[in-house]
Amino acid sequence: HGSLDRIKLQSKWPVPELREDECLIKVHACGLNNTDINTCLSWYSRDVETSVDQAYSNLGKGNPNASAKWNGKEAHLPRIQGADICGTVVALGSNTRDLLNRRVIVDPWLAHSSSKGNRRAMDYLGSEVDGGYAEFCAVPISNVYSVDDLRYSDAELASVPCSAVAAETMLHNAGVKDGDVVLVTGASGGVGISLLSLVKRRGATVIAVTSQSKIDQMLAFGADFAIPREKTENVELLRETLKQECGLSSVTVVADTVGGKMAETGLQMLDQRGRYVSTGAISGAMVQLDLRLLIYRDLKLFGAAQSHASCFADIVSYLRRGEFIPRVAAQYPLERLHEAMTEFRKKKHVG
């Protein structure tokens, strides 16, 4: 695909036509996520073996045919990105529900009637179908959840779907429960911040890995312990840091949002029968694994892409009960999307 200059703002674009099982949403706010940038860079392609930052630096130098989405299939352009929508329902297809004029958020895993309950056949909003970086967006009615009763702003609610769903899917897949000790990498990002509160609501202890400048914020947002990323560069240093800062020699779960060297180091911090779960690899997708570690420590490894059936409804219920609080790092108008993406890539934000 290309750099951010390939993203063009169109002042005139047709309003989406509705299928019977869809509704039309007037978009009030839409969140920005790693997946938007990864798709721009074709980073999901198996031909790309570097970190996201390296992929950006290598634009024009790699395989010109590298073009793929999260599911490994070729991307079809042009595409309106944006997976995290908060808006108002302004029109309904034939299969009506009482949602007209309601403020809603959208589960980005789209369950069109043609998928017939097969979650592998689902599309992702802003990837396979046009998303929320637009005035209007059409989505299946079954993916829409009314949030009229919630006190949060449109921007706060638009920060929830992608990050919170990814975080909850990680914890669900890894079976995180009361008594677990969970090491969260990339804790200041959207998924990482979500993990802090979602781990706590399950009764587990959470250790946040972040930059030194963000330590206090991680503790304020619910982490039991926070350790600087600079002290995770190798196994010996991380083990000594865990002992000194947390009084621990190992953890039961690693919830990894960054990959690269952190994945290799984190795996070695796991207790017997520990679980490693990953939903991101922006620091590098290619890692080394000593199979003896996996075999003789009886480890379990999990991916976390597609969510389980009740995931989004669960997240909405957590919002209603005050068990999950959205964290917005910054807000930009759509015409400043390039600037927002540039700042996002710097990873200086929290949320």
# chains A, B, ... in the order shown; residues from 1 in each chain; ligands from 1
$ closest_atom_pairs --of "range 121-237 of chain A" --to "range 331-342 of chain A" --cutoff "12 Å" --atoms "only C-alpha atoms" --output "Markdown table"
| residue | atom | partner | partner_atom | distance |
| --- | --- | --- | --- | --- |
| A:Gly132 | CA | A:Leu334 | CA | 10.2 |
| A:Tyr133 | CA | A:Leu334 | CA | 7.0 |
| A:Ala134 | CA | A:Leu334 | CA | 8.1 |
| A:Glu135 | CA | A:Leu334 | CA | 9.7 |
| A:Ser153 | CA | A:Gln331 | CA | 11.7 |
| A:Asp154 | CA | A:Gln331 | CA | 10.9 |
| A:Ala155 | CA | A:Gln331 | CA | 7.5 |
| A:Glu156 | CA | A:Gln331 | CA | 9.8 |
| A:Ala158 | CA | A:Gln331 | CA | 10.8 |
| A:Ser159 | CA | A:Gln331 | CA | 10.4 |
$ residues_around --residues "Val209 in chain A" --least-positions-apart "6" --cutoff "10 Å" --atoms "only C-alpha atoms" --output "short mmCIF file (atom, residue, chain, number, x, y, z; two decimals) with C-alpha atoms, in the first residue's frame"
data_model
loop_
_atom_site.label_atom_id
_atom_site.label_comp_id
_atom_site.auth_asym_id
_atom_site.auth_seq_id
_atom_site.Cartn_x
_atom_site.Cartn_y
_atom_site.Cartn_z
CA LEU A 183 2.39 -9.42 33.04
CA VAL A 184 1.01 -6.88 30.54
CA THR A 185 3.38 -5.57 27.87
CA GLY A 186 2.71 -2.33 26.02
CA ALA A 187 0.53 -1.36 28.97
CA SER A 188 0.11 2.31 28.00
CA GLY A 192 -2.74 -2.45 27.38
CA ILE A 215 4.91 4.41 35.52
CA MET A 218 -0.14 2.88 35.06
CA ALA A 223 -1.85 -1.71 37.89
CA PHE A 225 2.92 -2.98 39.93
CA ALA A 226 4.56 -1.13 37.05
CA ILE A 227 8.06 -1.76 35.77
CA PRO A 228 9.98 0.26 33.16
CA ARG A 229 10.42 -1.29 29.74
CA GLU A 230 14.16 -0.61 29.98
CA LYS A 231 14.35 -3.28 32.69
CA THR A 232 12.87 -6.00 30.49
CA ASP A 256 1.65 -9.49 25.19
CA MET A 262 9.46 -8.95 24.71
#
$ select_by_dssp --residues "range 76-314 of chain A" --states "helix (DSSP H, G or I)" --output "number ranges by chain"
A: 113-115, 119-121, 141-143, 154-158, 161-174, 190-201, 212-220, 229-232, 235-246, 261-268, 291-296, 311-314
$ write_last_selection --atoms "C-alpha atoms" --output "PDB file, in the first residue's frame"
ATOM      1  CA  SER A 113     -26.779 -12.761   7.933  1.00  0.00           C
ATOM      2  CA  SER A 114     -24.770 -14.424   5.148  1.00  0.00           C
ATOM      3  CA  SER A 115     -22.177 -15.609   7.702  1.00  0.00           C
ATOM      4  CA  ARG A 119     -17.343 -16.457  13.072  1.00  0.00           C
ATOM      5  CA  ARG A 120     -14.580 -17.402  10.611  1.00  0.00           C
ATOM      6  CA  ALA A 121     -16.696 -15.902   7.838  1.00  0.00           C
ATOM      7  CA  ILE A 141     -28.083  -4.257  13.072  1.00  0.00           C
ATOM      8  CA  SER A 142     -26.988  -7.239  15.174  1.00  0.00           C
ATOM      9  CA  ASN A 143     -23.629  -5.511  15.794  1.00  0.00           C
ATOM     10  CA  ASP A 154     -18.802  10.042  22.087  1.00  0.00           C
ATOM     11  CA  ALA A 155     -14.992  10.070  21.959  1.00  0.00           C
ATOM     12  CA  GLU A 156     -14.681   7.982  25.117  1.00  0.00           C
ATOM     13  CA  LEU A 157     -17.117   5.397  23.809  1.00  0.00           C
ATOM     14  CA  ALA A 158     -15.365   5.336  20.416  1.00  0.00           C
ATOM     15  CA  PRO A 161     -14.560  -1.438  20.725  1.00  0.00           C
ATOM     16  CA  CYS A 162     -11.237  -2.522  19.195  1.00  0.00           C
ATOM     17  CA  SER A 163      -9.020  -2.193  22.268  1.00  0.00           C
ATOM     18  CA  ALA A 164     -11.414  -3.530  24.888  1.00  0.00           C
ATOM     19  CA  VAL A 165     -12.568  -6.421  22.713  1.00  0.00           C
ATOM     20  CA  ALA A 166      -8.959  -7.409  21.998  1.00  0.00           C
ATOM     21  CA  ALA A 167      -8.082  -7.248  25.696  1.00  0.00           C
ATOM     22  CA  GLU A 168     -11.119  -9.228  26.839  1.00  0.00           C
ATOM     23  CA  THR A 169     -10.481 -11.836  24.119  1.00  0.00           C
ATOM     24  CA  MET A 170      -6.918 -12.257  25.397  1.00  0.00           C
ATOM     25  CA  LEU A 171      -8.093 -12.859  28.959  1.00  0.00           C
ATOM     26  CA  HIS A 172     -10.904 -15.164  27.842  1.00  0.00           C
ATOM     27  CA  ASN A 173      -8.604 -17.295  25.684  1.00  0.00           C
ATOM     28  CA  ALA A 174      -5.937 -17.536  28.397  1.00  0.00           C
ATOM     29  CA  GLY A 190      -5.202   1.080  23.991  1.00  0.00           C
ATOM     30  CA  VAL A 191      -5.220  -2.692  24.509  1.00  0.00           C
ATOM     31  CA  GLY A 192      -2.743  -2.454  27.380  1.00  0.00           C
ATOM     32  CA  ILE A 193      -4.781   0.146  29.264  1.00  0.00           C
ATOM     33  CA  SER A 194      -7.885  -1.977  28.730  1.00  0.00           C
ATOM     34  CA  LEU A 195      -6.084  -5.023  30.093  1.00  0.00           C
ATOM     35  CA  LEU A 196      -5.279  -3.256  33.370  1.00  0.00           C
ATOM     36  CA  SER A 197      -8.897  -2.874  34.432  1.00  0.00           C
ATOM     37  CA  LEU A 198     -10.137  -6.087  32.800  1.00  0.00           C
ATOM     38  CA  VAL A 199      -7.478  -8.148  34.596  1.00  0.00           C
ATOM     39  CA  LYS A 200      -8.426  -6.516  37.899  1.00  0.00           C
ATOM     40  CA  ARG A 201     -12.139  -7.230  37.455  1.00  0.00           C
ATOM     41  CA  GLN A 212       9.681   5.067  32.770  1.00  0.00           C
ATOM     42  CA  SER A 213       7.737   8.295  32.204  1.00  0.00           C
ATOM     43  CA  LYS A 214       4.378   6.474  32.350  1.00  0.00           C
ATOM     44  CA  ILE A 215       4.909   4.411  35.519  1.00  0.00           C
ATOM     45  CA  ASP A 216       2.769   6.631  37.768  1.00  0.00           C
ATOM     46  CA  GLN A 217      -0.082   6.678  35.241  1.00  0.00           C
ATOM     47  CA  MET A 218      -0.144   2.884  35.058  1.00  0.00           C
ATOM     48  CA  LEU A 219      -0.448   2.666  38.838  1.00  0.00           C
ATOM     49  CA  ALA A 220      -3.189   5.301  38.812  1.00  0.00           C
ATOM     50  CA  ARG A 229      10.418  -1.291  29.741  1.00  0.00           C
ATOM     51  CA  GLU A 230      14.156  -0.612  29.979  1.00  0.00           C
ATOM     52  CA  LYS A 231      14.354  -3.278  32.694  1.00  0.00           C
ATOM     53  CA  THR A 232      12.869  -6.004  30.488  1.00  0.00           C
ATOM     54  CA  VAL A 235      15.726 -12.442  31.019  1.00  0.00           C
ATOM     55  CA  GLU A 236      18.160 -11.833  33.861  1.00  0.00           C
ATOM     56  CA  LEU A 237      17.286  -8.145  34.154  1.00  0.00           C
ATOM     57  CA  LEU A 238      13.539  -8.774  34.046  1.00  0.00           C
ATOM     58  CA  ARG A 239      13.774 -11.564  36.610  1.00  0.00           C
ATOM     59  CA  GLU A 240      15.750  -9.341  38.989  1.00  0.00           C
ATOM     60  CA  THR A 241      13.281  -6.486  38.445  1.00  0.00           C
ATOM     61  CA  LEU A 242      10.301  -8.730  39.194  1.00  0.00           C
ATOM     62  CA  LYS A 243      11.990  -9.847  42.397  1.00  0.00           C
ATOM     63  CA  GLN A 244      12.882  -6.336  43.553  1.00  0.00           C
ATOM     64  CA  GLU A 245       9.750  -4.459  42.465  1.00  0.00           C
ATOM     65  CA  CYS A 246       7.074  -7.126  42.903  1.00  0.00           C
ATOM     66  CA  LYS A 261      12.080  -9.497  22.024  1.00  0.00           C
ATOM     67  CA  MET A 262       9.459  -8.951  24.709  1.00  0.00           C
ATOM     68  CA  ALA A 263       7.715 -12.132  23.608  1.00  0.00           C
ATOM     69  CA  GLU A 264      10.893 -14.163  23.975  1.00  0.00           C
ATOM     70  CA  THR A 265      11.696 -12.659  27.376  1.00  0.00           C
ATOM     71  CA  GLY A 266       8.135 -12.894  28.654  1.00  0.00           C
ATOM     72  CA  LEU A 267       7.860 -16.580  27.808  1.00  0.00           C
ATOM     73  CA  GLN A 268      10.803 -17.304  30.068  1.00  0.00           C
ATOM     74  CA  LEU A 291      10.678 -25.781  22.236  1.00  0.00           C
ATOM     75  CA  ARG A 292      12.160 -27.299  25.394  1.00  0.00           C
ATOM     76  CA  LEU A 293      10.763 -24.341  27.312  1.00  0.00           C
ATOM     77  CA  LEU A 294       7.317 -25.009  25.877  1.00  0.00           C
ATOM     78  CA  ILE A 295       7.521 -28.761  26.437  1.00  0.00           C
ATOM     79  CA  TYR A 296       9.073 -29.134  29.865  1.00  0.00           C
ATOM     80  CA  CYS A 311     -17.467 -10.539  24.172  1.00  0.00           C
ATOM     81  CA  PHE A 312     -18.899  -7.222  23.045  1.00  0.00           C
ATOM     82  CA  ALA A 313     -22.070  -7.567  25.107  1.00  0.00           C
ATOM     83  CA  ASP A 314     -19.855  -8.309  28.101  1.00  0.00           C
TER      84      ASP A 314
END
$ atom_distance --atom1 "CA of Leu301 in chain A" --atom2 "CA of Leu248 in chain A"
21.6 Å
$ atom_distance --atom1 "CA of Asp98 in chain A" --atom2 "CA of Ser146 in chain A"
9.7 Å
$ residues_around --residues "Gly31 in chain A" --least-positions-apart "2" --cutoff "7 Å" --atoms "only C-alpha atoms" --output "MDAnalysis selection string"
chainID A and resid 29 33 82:85 158:159
$ closest_residue --among "A:Trp13, A:Tyr44, A:Tyr145, A:Tyr276" --to "Val182 in chain A" --atoms "only C-alpha atoms"
A:Tyr276
$ closest_residue --among "A:Leu110, A:Leu270, A:Val139, A:Val253" --to "Lys177 in chain A" --atoms "only C-alpha atoms"
A:Val253
